[in-house]
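The next block is final-v7.txt, given as compact mmCIF, C-alpha atoms (C1' of nucleotides).
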# COMPACT_ATOMS: atom_id res chain seq x y z
CA MET Y 171 88.57 122.84 98.23
CA THR Y 172 91.66 120.72 98.89
CA ILE Y 173 93.92 121.01 101.91
CA GLU Y 174 96.78 122.06 99.61
CA GLU Y 175 94.75 125.08 98.57
CA VAL Y 176 93.96 125.89 102.19
CA ILE Y 177 97.58 125.96 103.26
CA LYS Y 178 98.72 127.27 99.85
CA SER Y 179 101.19 124.49 99.33
CA SER Y 180 102.86 124.68 95.96
CA ILE Y 181 103.81 121.01 96.00
CA PRO Y 182 101.29 118.17 96.44
CA LEU Y 183 101.40 116.52 99.85
CA LYS Y 184 102.01 112.85 100.42
CA PRO Y 185 98.74 110.97 100.92
CA HIS Y 186 99.29 110.26 104.61
CA THR Y 187 100.43 113.78 105.38
CA ARG Y 188 97.54 115.24 103.46
CA THR Y 189 95.14 113.15 105.47
CA THR Y 190 96.48 114.04 108.90
CA LEU Y 191 96.54 117.72 107.98
CA ASN Y 192 93.04 117.41 106.65
CA ILE Y 193 91.80 115.82 109.86
CA MET Y 194 93.34 118.56 111.97
CA TYR Y 195 92.11 121.33 109.75
CA SER Y 196 88.61 119.89 109.63
CA SER Y 197 88.56 119.69 113.37
CA ARG Y 198 89.42 123.41 113.59
CA LEU Y 199 86.48 124.22 111.35
CA VAL Y 200 84.11 122.22 113.51
CA GLU Y 201 85.49 123.65 116.74
CA GLU Y 202 85.18 127.18 115.47
CA LYS Y 203 81.48 126.74 114.72
CA ILE Y 204 80.78 125.09 118.04
CA SER Y 205 82.75 127.70 119.99
CA ASP Y 206 80.81 130.43 118.25
CA LEU Y 207 77.58 128.79 119.26
CA LEU Y 208 78.65 128.53 122.90
CA LYS Y 209 80.14 132.01 123.14
CA PRO Y 210 76.87 133.80 124.04
CA TYR Y 211 76.45 131.35 126.91
CA ASN Y 212 79.88 132.15 128.20
CA ILE Y 213 81.10 128.58 128.46
CA SER Y 214 83.99 126.98 126.65
CA MET Y 215 83.75 123.79 124.63
CA GLN Y 216 85.53 121.95 127.40
CA GLN Y 217 83.13 123.19 130.02
CA TYR Y 218 80.19 122.23 127.78
CA ASN Y 219 81.70 118.83 127.32
CA VAL Y 220 81.91 118.29 131.07
CA LEU Y 221 78.32 119.42 131.55
CA ARG Y 222 77.21 116.88 128.96
CA ILE Y 223 79.09 114.16 130.77
CA LEU Y 224 77.51 115.16 134.06
CA ARG Y 225 74.04 115.12 132.54
CA GLY Y 226 74.78 111.70 131.06
CA GLN Y 227 75.27 110.45 134.60
CA LYS Y 228 71.53 110.83 135.16
CA GLY Y 229 71.86 111.84 138.77
CA THR Y 230 74.78 109.61 139.70
CA PRO Y 231 77.64 111.82 140.81
CA ALA Y 232 80.80 111.70 138.72
CA ASN Y 233 84.26 111.93 140.11
CA LEU Y 234 87.12 113.67 138.39
CA SER Y 235 88.72 110.61 136.89
CA THR Y 236 85.42 109.56 135.32
CA ILE Y 237 85.05 112.96 133.74
CA GLN Y 238 88.58 112.99 132.49
CA GLU Y 239 88.27 109.58 130.95
CA ARG Y 240 85.15 110.54 129.00
CA MET Y 241 86.27 113.87 127.68
CA ILE Y 242 87.09 114.37 124.03
CA ASN Y 243 90.15 116.38 124.96
CA LYS Y 244 91.85 114.59 127.78
CA MET Y 245 92.93 117.68 129.56
CA SER Y 246 95.38 117.73 132.36
CA ASN Y 247 93.52 119.98 134.69
CA THR Y 248 89.98 118.92 135.23
CA THR Y 249 89.95 120.37 138.74
CA ARG Y 250 90.06 123.96 137.55
CA LEU Y 251 87.67 123.25 134.71
CA VAL Y 252 85.12 122.00 137.19
CA ASP Y 253 85.91 125.02 139.40
CA LYS Y 254 84.64 127.25 136.61
CA LEU Y 255 81.39 125.32 136.34
CA ILE Y 256 80.89 125.54 140.08
CA GLU Y 257 81.57 129.28 140.07
CA LYS Y 258 78.82 129.63 137.49
CA LYS Y 259 76.46 127.43 139.53
CA PHE Y 260 76.21 124.82 136.79
CA ALA Y 261 77.68 122.09 138.98
CA GLU Y 262 78.27 121.18 142.61
CA ARG Y 263 81.08 119.30 144.28
CA THR Y 264 81.10 117.27 147.47
CA ILE Y 265 83.61 114.92 149.01
CA CYS Y 266 82.80 111.25 148.53
CA GLU Y 267 82.01 109.81 151.95
CA SER Y 268 82.99 106.23 151.17
CA ASN Y 269 86.36 107.27 149.80
CA ARG Y 270 87.44 110.66 150.95
CA ARG Y 271 90.11 110.94 148.26
CA LYS Y 272 87.38 111.22 145.67
CA VAL Y 273 85.07 114.09 144.90
CA GLU Y 274 81.53 113.78 143.64
CA ILE Y 275 80.38 116.22 141.04
CA VAL Y 276 76.79 116.69 139.95
CA ILE Y 277 75.12 119.02 137.48
CA THR Y 278 72.68 121.52 138.99
CA GLN Y 279 69.18 122.31 137.75
CA ASN Y 280 70.68 125.52 136.48
CA GLY Y 281 73.17 123.50 134.45
CA LEU Y 282 70.43 121.22 133.12
CA ASN Y 283 68.43 124.26 132.05
CA LEU Y 284 71.42 125.65 130.20
CA LEU Y 285 71.93 122.39 128.33
CA SER Y 286 68.24 122.19 127.43
CA GLU Y 287 68.48 125.62 125.94
CA ILE Y 288 71.58 124.78 123.95
CA ASP Y 289 70.48 121.29 122.82
CA PRO Y 290 68.43 122.23 119.74
CA LEU Y 291 71.00 124.81 118.65
CA MET Y 292 73.80 122.31 118.95
CA THR Y 293 71.91 119.73 116.93
CA LYS Y 294 71.30 122.31 114.25
CA CYS Y 295 74.91 123.44 114.35
CA ASN Y 296 76.14 119.91 113.73
CA GLU Y 297 73.68 119.51 110.90
CA ASP Y 298 74.75 122.79 109.35
CA ILE Y 299 78.40 121.91 109.48
CA LEU Y 300 77.69 118.69 107.61
CA ASN Y 301 74.87 119.90 105.43
CA LEU Y 302 76.60 118.83 102.23
CA PHE Y 303 76.85 115.24 103.38
CA SER Y 304 74.38 112.44 102.69
CA LEU Y 305 73.69 109.94 105.45
CA GLN Y 306 75.64 107.45 103.39
CA GLU Y 307 78.63 109.76 103.30
CA LEU Y 308 78.45 110.43 107.03
CA ASN Y 309 78.51 106.72 107.57
CA THR Y 310 81.52 106.21 105.38
CA LEU Y 311 83.35 109.07 107.06
CA ASN Y 312 82.60 107.69 110.51
CA GLN Y 313 83.72 104.22 109.58
CA LEU Y 314 86.98 105.54 108.20
CA LEU Y 315 87.68 107.72 111.22
CA ASP Y 316 86.88 104.81 113.51
CA LYS Y 317 89.83 102.97 111.98
CA LEU Y 318 92.15 105.48 113.64
CA LYS Y 319 91.28 104.28 117.11
CA MET D 166 86.13 101.29 118.00
CA THR D 167 83.23 103.69 117.66
CA ILE D 168 83.09 107.19 119.05
CA GLU D 169 80.23 106.13 121.33
CA GLU D 170 82.55 103.61 122.95
CA VAL D 171 85.25 106.24 123.32
CA ILE D 172 83.03 108.67 125.17
CA LYS D 173 81.07 105.86 126.83
CA SER D 174 77.74 107.13 125.62
CA SER D 175 74.89 104.83 126.52
CA ILE D 176 72.64 106.18 123.79
CA PRO D 177 73.59 106.22 120.10
CA LEU D 178 74.48 109.67 118.78
CA LYS D 179 72.73 111.34 115.87
CA PRO D 180 74.70 110.85 112.64
CA HIS D 181 75.78 114.49 112.34
CA THR D 182 76.77 114.75 115.97
CA ARG D 183 78.64 111.50 115.80
CA THR D 184 80.59 112.77 112.83
CA THR D 185 81.62 116.11 114.30
CA LEU D 186 82.67 114.41 117.52
CA ASN D 187 84.57 111.85 115.53
CA ILE D 188 86.41 114.53 113.59
CA MET D 189 87.42 116.33 116.77
CA TYR D 190 88.45 113.18 118.54
CA SER D 191 90.45 111.96 115.56
CA SER D 192 92.24 115.26 115.42
CA ARG D 193 93.27 114.89 119.07
CA LEU D 194 94.74 111.48 118.32
CA VAL D 195 96.76 112.86 115.45
CA GLU D 196 97.89 115.91 117.41
CA GLU D 197 99.00 113.79 120.31
CA LYS D 198 101.28 111.68 118.12
CA ILE D 199 102.73 114.69 116.39
CA SER D 200 103.29 116.57 119.63
CA ASP D 201 105.08 113.56 121.05
CA LEU D 202 107.34 113.48 118.05
CA LEU D 203 108.19 117.17 118.40
CA LYS D 204 108.64 117.15 122.17
CA PRO D 205 112.32 116.11 122.15
CA TYR D 206 113.02 119.05 119.84
CA ASN D 207 111.36 121.40 122.24
CA ILE D 208 109.06 123.04 119.72
CA SER D 209 105.28 123.09 119.73
CA MET D 210 103.13 122.02 116.80
CA GLN D 211 102.35 125.64 116.09
CA GLN D 212 105.99 126.59 116.04
CA TYR D 213 106.74 123.66 113.74
CA ASN D 214 103.91 124.74 111.49
CA VAL D 215 105.37 128.24 111.19
CA LEU D 216 108.82 126.86 110.42
CA ARG D 217 107.33 124.76 107.63
CA ILE D 218 105.64 127.82 106.20
CA LEU D 219 108.88 129.78 106.35
CA ARG D 220 110.77 127.00 104.58
CA GLY D 221 108.04 126.89 101.95
CA GLN D 222 108.87 130.50 101.14
CA LYS D 223 112.17 129.30 99.66
CA GLY D 224 114.11 132.34 100.75
CA THR D 225 111.39 134.94 100.24
CA PRO D 226 110.67 136.56 103.60
CA ALA D 227 107.18 136.08 105.01
CA ASN D 228 105.29 138.69 106.93
CA LEU D 229 103.00 137.95 109.82
CA SER D 230 99.76 138.08 107.90
CA THR D 231 101.08 135.59 105.36
CA ILE D 232 102.03 133.20 108.11
CA GLN D 233 98.73 133.58 109.84
CA GLU D 234 96.78 132.95 106.68
CA ARG D 235 98.62 129.70 105.97
CA MET D 236 98.51 128.19 109.41
CA ILE D 237 96.31 125.24 110.21
CA ASN D 238 95.29 126.83 113.49
CA LYS D 239 94.62 130.45 112.79
CA MET D 240 95.93 131.67 116.06
CA SER D 241 95.48 135.16 117.31
CA ASN D 242 98.98 135.85 118.40
CA THR D 243 101.51 135.09 115.75
CA THR D 244 103.86 137.77 117.05
CA ARG D 245 104.69 135.90 120.20
CA LEU D 246 104.86 132.57 118.38
CA VAL D 247 107.49 133.99 116.08
CA ASP D 248 109.23 135.48 119.12
CA LYS D 249 109.78 131.97 120.41
CA LEU D 250 111.32 130.85 117.14
CA ILE D 251 113.63 133.84 117.14
CA GLU D 252 114.68 133.17 120.73
CA LYS D 253 115.66 129.69 119.64
CA LYS D 254 117.54 131.02 116.61
CA PHE D 255 115.29 129.19 114.18
CA ALA D 256 114.08 132.40 112.54
CA GLU D 257 115.02 136.04 112.09
CA ARG D 258 112.88 139.15 111.84
CA THR D 259 113.56 142.45 110.14
CA ILE D 260 111.38 145.43 109.35
CA CYS D 261 110.23 145.59 105.74
CA GLU D 262 111.92 148.61 104.17
CA SER D 263 109.30 149.25 101.49
CA ASN D 264 106.48 149.20 104.01
CA ARG D 265 107.60 149.78 107.53
CA ARG D 266 104.37 148.47 108.99
CA LYS D 267 105.33 145.00 107.89
CA VAL D 268 107.93 142.65 109.26
CA GLU D 269 109.90 140.16 107.25
CA ILE D 270 110.54 136.79 108.78
CA VAL D 271 112.95 134.21 107.41
CA ILE D 272 114.01 130.78 108.59
CA THR D 273 117.67 130.46 109.60
CA GLN D 274 120.07 127.71 108.54
CA ASN D 275 119.66 126.43 112.06
CA GLY D 276 115.90 126.20 111.49
CA LEU D 277 116.38 124.46 108.16
CA ASN D 278 118.68 121.92 109.79
CA LEU D 279 116.08 121.22 112.44
CA LEU D 280 113.39 120.62 109.83
CA SER D 281 115.68 118.33 107.83
CA GLU D 282 116.23 116.29 110.92
CA ILE D 283 112.52 116.07 111.67
CA ASP D 284 111.34 115.49 108.09
CA PRO D 285 111.79 111.71 107.85
CA LEU D 286 110.41 111.18 111.35
CA MET D 287 107.34 113.24 110.55
CA THR D 288 106.71 111.33 107.34
CA LYS D 289 106.96 108.10 109.25
CA CYS D 290 104.73 109.43 112.00
CA ASN D 291 101.99 110.29 109.52
CA GLU D 292 102.31 106.88 107.93
CA ASP D 293 102.14 105.16 111.29
CA ILE D 294 99.03 107.02 112.32
CA LEU D 295 97.30 105.90 109.15
CA ASN D 296 98.90 102.49 108.80
CA LEU D 297 95.54 100.72 108.68
CA PHE D 298 94.41 102.71 105.66
CA SER D 299 94.78 101.77 102.02
CA LEU D 300 95.59 104.52 99.54
CA GLN D 301 92.06 104.16 98.29
CA GLU D 302 90.70 104.77 101.78
CA LEU D 303 92.95 107.77 102.31
CA ASN D 304 91.61 109.20 99.09
CA THR D 305 88.02 108.68 100.11
CA LEU D 306 88.65 110.20 103.51
CA ASN D 307 90.34 113.24 101.99
CA GLN D 308 87.56 113.76 99.51
CA LEU D 309 84.95 113.61 102.23
CA LEU D 310 86.81 115.99 104.51
CA ASP D 311 87.33 118.37 101.61
CA LYS D 312 83.56 118.75 101.44
CA LEU D 313 83.63 120.54 104.79
CA LYS D 314 85.50 123.50 103.35
C1' DA I 158 98.54 170.11 104.04
C1' DT I 159 95.70 168.02 107.47
C1' DT I 160 92.68 164.94 108.93
C1' DT I 161 90.73 160.47 108.59
C1' DA I 162 90.76 155.81 107.67
C1' DA I 163 92.97 151.49 106.86
C1' DC I 164 96.77 148.38 107.62
C1' DA I 165 100.22 145.49 110.03
C1' DT I 166 101.83 144.38 114.08
C1' DT I 167 102.46 144.60 119.09
C1' DT I 168 101.05 144.71 123.83
C1' DG I 169 97.91 143.94 127.86
C1' DT I 170 94.90 141.09 130.21
C1' DA I 171 92.22 137.18 131.16
C1' DT I 172 91.67 132.51 130.62
C1' DA I 173 93.20 127.86 129.20
C1' DT I 174 96.35 124.12 129.08
C1' DA I 175 100.46 121.12 130.13
C1' DC I 176 103.40 119.17 133.29
C1' DA I 177 105.37 118.38 137.64
C1' DA I 178 105.30 118.53 142.55
C1' DC I 179 102.56 118.15 146.55
C1' DT I 180 98.49 116.74 149.83
C1' DT I 181 95.49 113.72 151.71
C1' DT I 182 93.50 109.32 152.06
C1' DT I 183 93.37 104.46 151.39
C1' DT I 184 95.42 99.93 150.55
C1' DA I 185 99.12 96.64 150.88
C1' DA I 186 103.30 94.72 152.91
C1' DT I 187 106.19 93.51 156.59
C1' DA P 275 100.95 98.44 164.18
C1' DT P 276 104.05 100.83 161.17
C1' DT P 277 105.80 101.83 157.05
C1' DA P 278 105.54 101.96 152.19
C1' DA P 279 103.06 102.32 148.01
C1' DA P 280 99.15 103.61 145.30
C1' DA P 281 95.13 106.43 144.32
C1' DA P 282 92.57 110.76 143.66
C1' DG P 283 92.79 115.42 143.62
C1' DT P 284 94.90 119.98 144.13
C1' DT P 285 98.24 123.55 143.51
C1' DG P 286 102.29 125.97 141.37
C1' DT P 287 104.54 127.45 137.46
C1' DA P 288 105.35 128.10 132.76
C1' DT P 289 103.54 128.50 128.40
C1' DA P 290 99.72 129.04 125.06
C1' DT P 291 95.70 131.14 123.30
C1' DA P 292 91.82 134.54 122.65
C1' DC P 293 90.30 139.00 122.38
C1' DA P 294 90.58 143.84 122.69
C1' DA P 295 93.07 148.02 122.82
C1' DA P 296 97.16 150.48 121.50
C1' DT P 297 101.07 151.79 118.41
C1' DG P 298 103.20 153.16 114.40
C1' DT P 299 102.88 153.53 109.38
C1' DT P 300 100.80 154.33 104.98
C1' DA P 301 96.97 155.61 101.89
C1' DA P 302 92.86 158.26 100.93
C1' DA P 303 89.85 162.20 101.34
C1' DT P 304 88.87 166.89 101.80
The structure in this file should be written as C-alpha cells.
Amino acid sequence: MTIEEVIKSSIPLKPHTRTTLNIMYSSRLVEEKISDLLKPYNISMQQYNVLRILRGQKGTPANLSTIQERMINKMSNTTRLVDKLIEKKFAERTICESNRRKVEIVITQNGLNLLSEIDPLMTKCNEDILNLFSLQELNTLNQLLDKLK
Amino acid sequence: MTIEEVIKSSIPLKPHTRTTLNIMYSSRLVEEKISDLLKPYNISMQQYNVLRILRGQKGTPANLSTIQERMINKMSNTTRLVDKLIEKKFAERTICESNRRKVEIVITQNGLNLLSEIDPLMTKCNEDILNLFSLQELNTLNQLLDKLK
DNA sequence: ATTTAACATTTGTATATACAACTTTTTAAT
DNA sequence: ATTAAAAAGTTGTATATACAAATGTTAAAT
C-alpha cells in the first residue's frame, strides 16, 4: 500500500514529500502497536522509555538531564514523567549529595520486574511489526534512516 | 550516526527493535523540522494537515469522518481541532442539510492564502530534510516503508 | 407508529506535552 | 566576600490528545 492510498491523495506526491509523510505515518503504525502492548500495564510509551533508560544504568543513578538526552522523544517535562513512575513505585528519586541541584533517579525492583515481564512481549511486538522484512531489508532500512541524522 | 549512538545504548539492539526505534526517532526529526516551519504561522502540524485535506477537496465540503480518515495521525478529537481552524478563520462549518448528523467543513480563502504562502517553504523543508538522499534511495526507502502497511 | 439500533459529532474528564517563568544551588568574575 | 552568571530542576499555564459517555439524527425492525 502506498502513502498516497493511505491519505487518499488524488495527485502523486513529490518524492521528498512522500518520504517524509511515509516516515511519519510509519512511526504512527509502530507507536500504535507498542502503545497497545503497554496499555494493560498502565504505562505510556514515554514512561516505558524512561524505565528502559534507568535499567540501562545498571544501578548507577540517572539524573534528569541524562534521561532527557537519551529519550527518543525529547520531551520538555521529564520531571512530571518521572513523578508518574515514582507514584507507581517503579522508580525512586533522591537529591544528589555532591551537587544538590541534581536529582538521582533509580529504577526499583518493582520496575525491574515490570520490564522483565514486558521484555519478551516487546521483542515479539517488534518482530510482528516487521514480519514481512528480511534481515537484509531491515539492514537497508536502518542504513537509509541513519542518513537522516 | 546509528540509533544506538543516539540513545547511547551500550549493547547492540536486535535488528527488529533497532528498526522500530529508528522509524520512531526519524519521525521525530521530521516532525521537529516541520513544526518549526509552521510555528511562525501559529498552526500545529495537525491543523496544517487538516487544512491540506480541506484544500484537497477542491470545494467539496468535508465532514469530520472524512477528515479523520485521511489524517496522518488519526486523532480522537477532530471536532476541537477544526474549532481552532474556525477560530482563526481558516475554515467554516455548516450543518449538512441532507443529513443533519453530519457537518460540512470547507477551507476559507484566508486558509487557501495561508497554504499558498507555506507551500514553497514546505517543499523546501522536505527537500532539506532529505538532502542527503538520491532519488533512488528515496524510492527504496518508500518501498520498504510501504511494506509496513 | 414505536422502539431499537446505528451513525456522526460533541462534550467531559484525565493525562500528556510545550513553553516560559521561577527556585535553588553552584561556579565564575570582580 | 559579593555579585553575577550558569546549571539543574520544578512549577504554572495553555494547549493537545485519548478515551468514554452523551447528544441529536437517521435508519431498521417489529
Within 6 Å of segment 217-226 of chain D, counting only C-alpha atoms (C1' of nucleotides), which residues show up once you throw out same-chain ones fewer than 3 positions away? Write them as a list in words, please.
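The neighbour list is Asn214, Glu269, Ile270, Val271 and Ile272 of chain D.
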May I have the selected residues written with C-alpha atoms, as a short mmCIF file (atom, residue, chain, number, x, y, z; two decimals), in the coordinates of the input?
data_model
loop_
_atom_site.label_atom_id
_atom_site.label_comp_id
_atom_site.auth_asym_id
_atom_site.auth_seq_id
_atom_site.Cartn_x
_atom_site.Cartn_y
_atom_site.Cartn_z
CA ASN D 214 103.91 124.74 111.49
CA GLU D 269 109.90 140.16 107.25
CA ILE D 270 110.54 136.79 108.78
CA VAL D 271 112.95 134.21 107.41
CA ILE D 272 114.01 130.78 108.59
#
For chain Y, work out the contacting residues on chain P at 8 Å, counting all atoms listed in the file, and write them as a ChimeraX atom specification.
/P:281-284
Residues of chain I within 10 Å of chain D, counting all atoms listed in the file, as a PDB file with C-alpha atoms (C1' of nucleotides), keeping the file's coordinate frame:
ATOM      1  C1'  DC I 164      96.770 148.380 107.620  1.00  0.00           C
ATOM      2  C1'  DA I 165     100.220 145.490 110.030  1.00  0.00           C
ATOM      3  C1'  DT I 166     101.830 144.380 114.080  1.00  0.00           C
ATOM      4  C1'  DT I 167     102.460 144.600 119.090  1.00  0.00           C
TER       5       DT I 167
END
Could you pull the residues within 12 Å of DG169 of chain I, counting only C-alpha atoms (C1' of nucleotides), minus those fewer than 2 positions along the same chain, as a ChimeraX atom specification?
/I:167,171 /P:293-296
Between D:Ser209, D:Asn307, D:Asn278, D:Thr231, single out the one closest to chain Y, counting only C-alpha atoms.
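Closest to chain Y, using only C-alpha atoms: D:Asn307.
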Separation of atom CA of Cys261 of chain D and atom C1' of DT299 of chain P, in Å?
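The value is 11.4 Å.
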With a cut-off of 8 Å, could you pull out the residues of chain Y touching chain D and give me the nearest pair of atoms for each, distance in Å to one decimal, using only C-alpha atoms, ordered by chain and ascending number, as a Markdown table?
| residue | atom | partner | partner_atom | distance |
| --- | --- | --- | --- | --- |
| Y:Met171 | CA | D:Asp311 | CA | 5.7 |
| Y:Thr172 | CA | D:Asp311 | CA | 5.6 |
| Y:Ile173 | CA | D:Asp311 | CA | 7.1 |
| Y:Val176 | CA | D:Arg235 | CA | 7.1 |
| Y:Ile177 | CA | D:Arg235 | CA | 4.7 |
| Y:Lys178 | CA | D:Arg235 | CA | 6.6 |
| Y:Ser179 | CA | D:Gly221 | CA | 7.7 |
| Y:Pro185 | CA | D:Leu303 | CA | 6.8 |
| Y:His186 | CA | D:Asn291 | CA | 5.6 |
| Y:Thr187 | CA | D:Asn291 | CA | 5.6 |
| Y:Arg188 | CA | D:Asn307 | CA | 7.6 |
| Y:Thr189 | CA | D:Asn307 | CA | 5.9 |
| Y:Thr190 | CA | D:Val195 | CA | 6.7 |
| Y:Leu191 | CA | D:Ile237 | CA | 7.8 |
| Y:Asn192 | CA | D:Leu310 | CA | 6.7 |
| Y:Ile193 | CA | D:Ser192 | CA | 5.6 |
| Y:Met194 | CA | D:Ser192 | CA | 4.9 |
| Y:Tyr195 | CA | D:Ile237 | CA | 5.8 |
| Y:Ser196 | CA | D:Leu310 | CA | 6.7 |
| Y:Ser197 | CA | D:Met189 | CA | 4.9 |
| Y:Arg198 | CA | D:Asn238 | CA | 6.8 |
| Y:Val200 | CA | D:Thr185 | CA | 6.6 |
| Y:Glu201 | CA | D:Met189 | CA | 7.6 |
| Y:Gly226 | CA | D:Ser174 | CA | 7.7 |
| Y:Glu239 | CA | D:Ile172 | CA | 7.9 |
| Y:Arg240 | CA | D:Ile172 | CA | 4.8 |
| Y:Met241 | CA | D:Ile172 | CA | 6.6 |
| Y:Ile242 | CA | D:Tyr190 | CA | 5.8 |
| Y:Asn243 | CA | D:Arg193 | CA | 6.8 |
| Y:Thr293 | CA | D:Thr182 | CA | 7.0 |
| Y:Asn296 | CA | D:His181 | CA | 5.6 |
| Y:Glu297 | CA | D:His181 | CA | 5.6 |
| Y:Ile299 | CA | D:Leu313 | CA | 7.2 |
| Y:Leu300 | CA | D:His181 | CA | 6.6 |
| Y:Leu302 | CA | D:Lys312 | CA | 7.0 |
| Y:Phe303 | CA | D:Lys312 | CA | 7.8 |
| Y:Leu305 | CA | D:Pro180 | CA | 7.3 |
| Y:Glu307 | CA | D:Leu309 | CA | 7.5 |
| Y:Leu308 | CA | D:Thr184 | CA | 6.6 |
| Y:Asn309 | CA | D:Pro180 | CA | 7.6 |
| Y:Leu311 | CA | D:Leu306 | CA | 6.5 |
| Y:Asn312 | CA | D:Thr184 | CA | 5.9 |
| Y:Leu314 | CA | D:Leu306 | CA | 6.8 |
| Y:Leu315 | CA | D:Ser191 | CA | 6.7 |
| Y:Asp316 | CA | D:Thr167 | CA | 5.6 |
| Y:Lys317 | CA | D:Leu297 | CA | 7.0 |
| Y:Leu318 | CA | D:Leu295 | CA | 6.8 |
| Y:Lys319 | CA | D:Met166 | CA | 6.0 |
Include C-alpha atoms and write out the residues we just selected as a tab-separated table (two decimals), in the frame of the given file.
chain	number	residue	atom	x	y	z
Y	171	MET	CA	88.57	122.84	98.23
Y	172	THR	CA	91.66	120.72	98.89
Y	173	ILE	CA	93.92	121.01	101.91
Y	176	VAL	CA	93.96	125.89	102.19
Y	177	ILE	CA	97.58	125.96	103.26
Y	178	LYS	CA	98.72	127.27	99.85
Y	179	SER	CA	101.19	124.49	99.33
Y	185	PRO	CA	98.74	110.97	100.92
Y	186	HIS	CA	99.29	110.26	104.61
Y	187	THR	CA	100.43	113.78	105.38
Y	188	ARG	CA	97.54	115.24	103.46
Y	189	THR	CA	95.14	113.15	105.47
Y	190	THR	CA	96.48	114.04	108.90
Y	191	LEU	CA	96.54	117.72	107.98
Y	192	ASN	CA	93.04	117.41	106.65
Y	193	ILE	CA	91.80	115.82	109.86
Y	194	MET	CA	93.34	118.56	111.97
Y	195	TYR	CA	92.11	121.33	109.75
Y	196	SER	CA	88.61	119.89	109.63
Y	197	SER	CA	88.56	119.69	113.37
Y	198	ARG	CA	89.42	123.41	113.59
Y	200	VAL	CA	84.11	122.22	113.51
Y	201	GLU	CA	85.49	123.65	116.74
Y	226	GLY	CA	74.78	111.70	131.06
Y	239	GLU	CA	88.27	109.58	130.95
Y	240	ARG	CA	85.15	110.54	129.00
Y	241	MET	CA	86.27	113.87	127.68
Y	242	ILE	CA	87.09	114.37	124.03
Y	243	ASN	CA	90.15	116.38	124.96
Y	293	THR	CA	71.91	119.73	116.93
Y	296	ASN	CA	76.14	119.91	113.73
Y	297	GLU	CA	73.68	119.51	110.90
Y	299	ILE	CA	78.40	121.91	109.48
Y	300	LEU	CA	77.69	118.69	107.61
Y	302	LEU	CA	76.60	118.83	102.23
Y	303	PHE	CA	76.85	115.24	103.38
Y	305	LEU	CA	73.69	109.94	105.45
Y	307	GLU	CA	78.63	109.76	103.30
Y	308	LEU	CA	78.45	110.43	107.03
Y	309	ASN	CA	78.51	106.72	107.57
Y	311	LEU	CA	83.35	109.07	107.06
Y	312	ASN	CA	82.60	107.69	110.51
Y	314	LEU	CA	86.98	105.54	108.20
Y	315	LEU	CA	87.68	107.72	111.22
Y	316	ASP	CA	86.88	104.81	113.51
Y	317	LYS	CA	89.83	102.97	111.98
Y	318	LEU	CA	92.15	105.48	113.64
Y	319	LYS	CA	91.28	104.28	117.11
Between atom CA of Glu267 of chain Y and atom CA of Asn280 of chain Y - distance in Å to one decimal
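We find that atom CA of Asn280 of chain Y and atom CA of Glu267 of chain Y lie 24.8 Å from each other.
Of note, atom CA of Asp201 of chain D and atom CA of Arg258 of chain D are spaced 28.3 Å apart.
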Contacts of Tyr211 of chain Y at 12 Å or less, counting all atoms listed in the file, minus same-chain residues fewer than 2 places along, as a ChimeraX atom specification?
/Y:204-209,213-215,217-218,258,260,281,283-285,287-288,291
Output file for the selection above: C-alpha atoms, as a JSON list (two decimals), in the coordinates of the input:
[["chain", "number", "residue", "atom", "x", "y", "z"],
["Y", 204, "ILE", "CA", 80.78, 125.09, 118.04],
["Y", 205, "SER", "CA", 82.75, 127.70, 119.99],
["Y", 206, "ASP", "CA", 80.81, 130.43, 118.25],
["Y", 207, "LEU", "CA", 77.58, 128.79, 119.26],
["Y", 208, "LEU", "CA", 78.65, 128.53, 122.90],
["Y", 209, "LYS", "CA", 80.14, 132.01, 123.14],
["Y", 213, "ILE", "CA", 81.10, 128.58, 128.46],
["Y", 214, "SER", "CA", 83.99, 126.98, 126.65],
["Y", 215, "MET", "CA", 83.75, 123.79, 124.63],
["Y", 217, "GLN", "CA", 83.13, 123.19, 130.02],
["Y", 218, "TYR", "CA", 80.19, 122.23, 127.78],
["Y", 258, "LYS", "CA", 78.82, 129.63, 137.49],
["Y", 260, "PHE", "CA", 76.21, 124.82, 136.79],
["Y", 281, "GLY", "CA", 73.17, 123.50, 134.45],
["Y", 283, "ASN", "CA", 68.43, 124.26, 132.05],
["Y", 284, "LEU", "CA", 71.42, 125.65, 130.20],
["Y", 285, "LEU", "CA", 71.93, 122.39, 128.33],
["Y", 287, "GLU", "CA", 68.48, 125.62, 125.94],
["Y", 288, "ILE", "CA", 71.58, 124.78, 123.95],
["Y", 291, "LEU", "CA", 71.00, 124.81, 118.65]]
Would you give the centre and edge lengths, in Å to one decimal, of a box along x, y and z around the listed atoms of segment 282-287 of chain P, with 5 Å added to each side, as JSON?
{"center_x": 98.6, "center_y": 119.1, "center_z": 140.8, "size_x": 22.0, "size_y": 26.7, "size_z": 16.7}
Close residues, DA288 of chain P itself excluded, 12 Å, all atoms listed in the file, min 4 positions apart in chain, as a list in words
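Residues meeting the cut-off are DT174, DA175, DC176 and DA177 of chain I.
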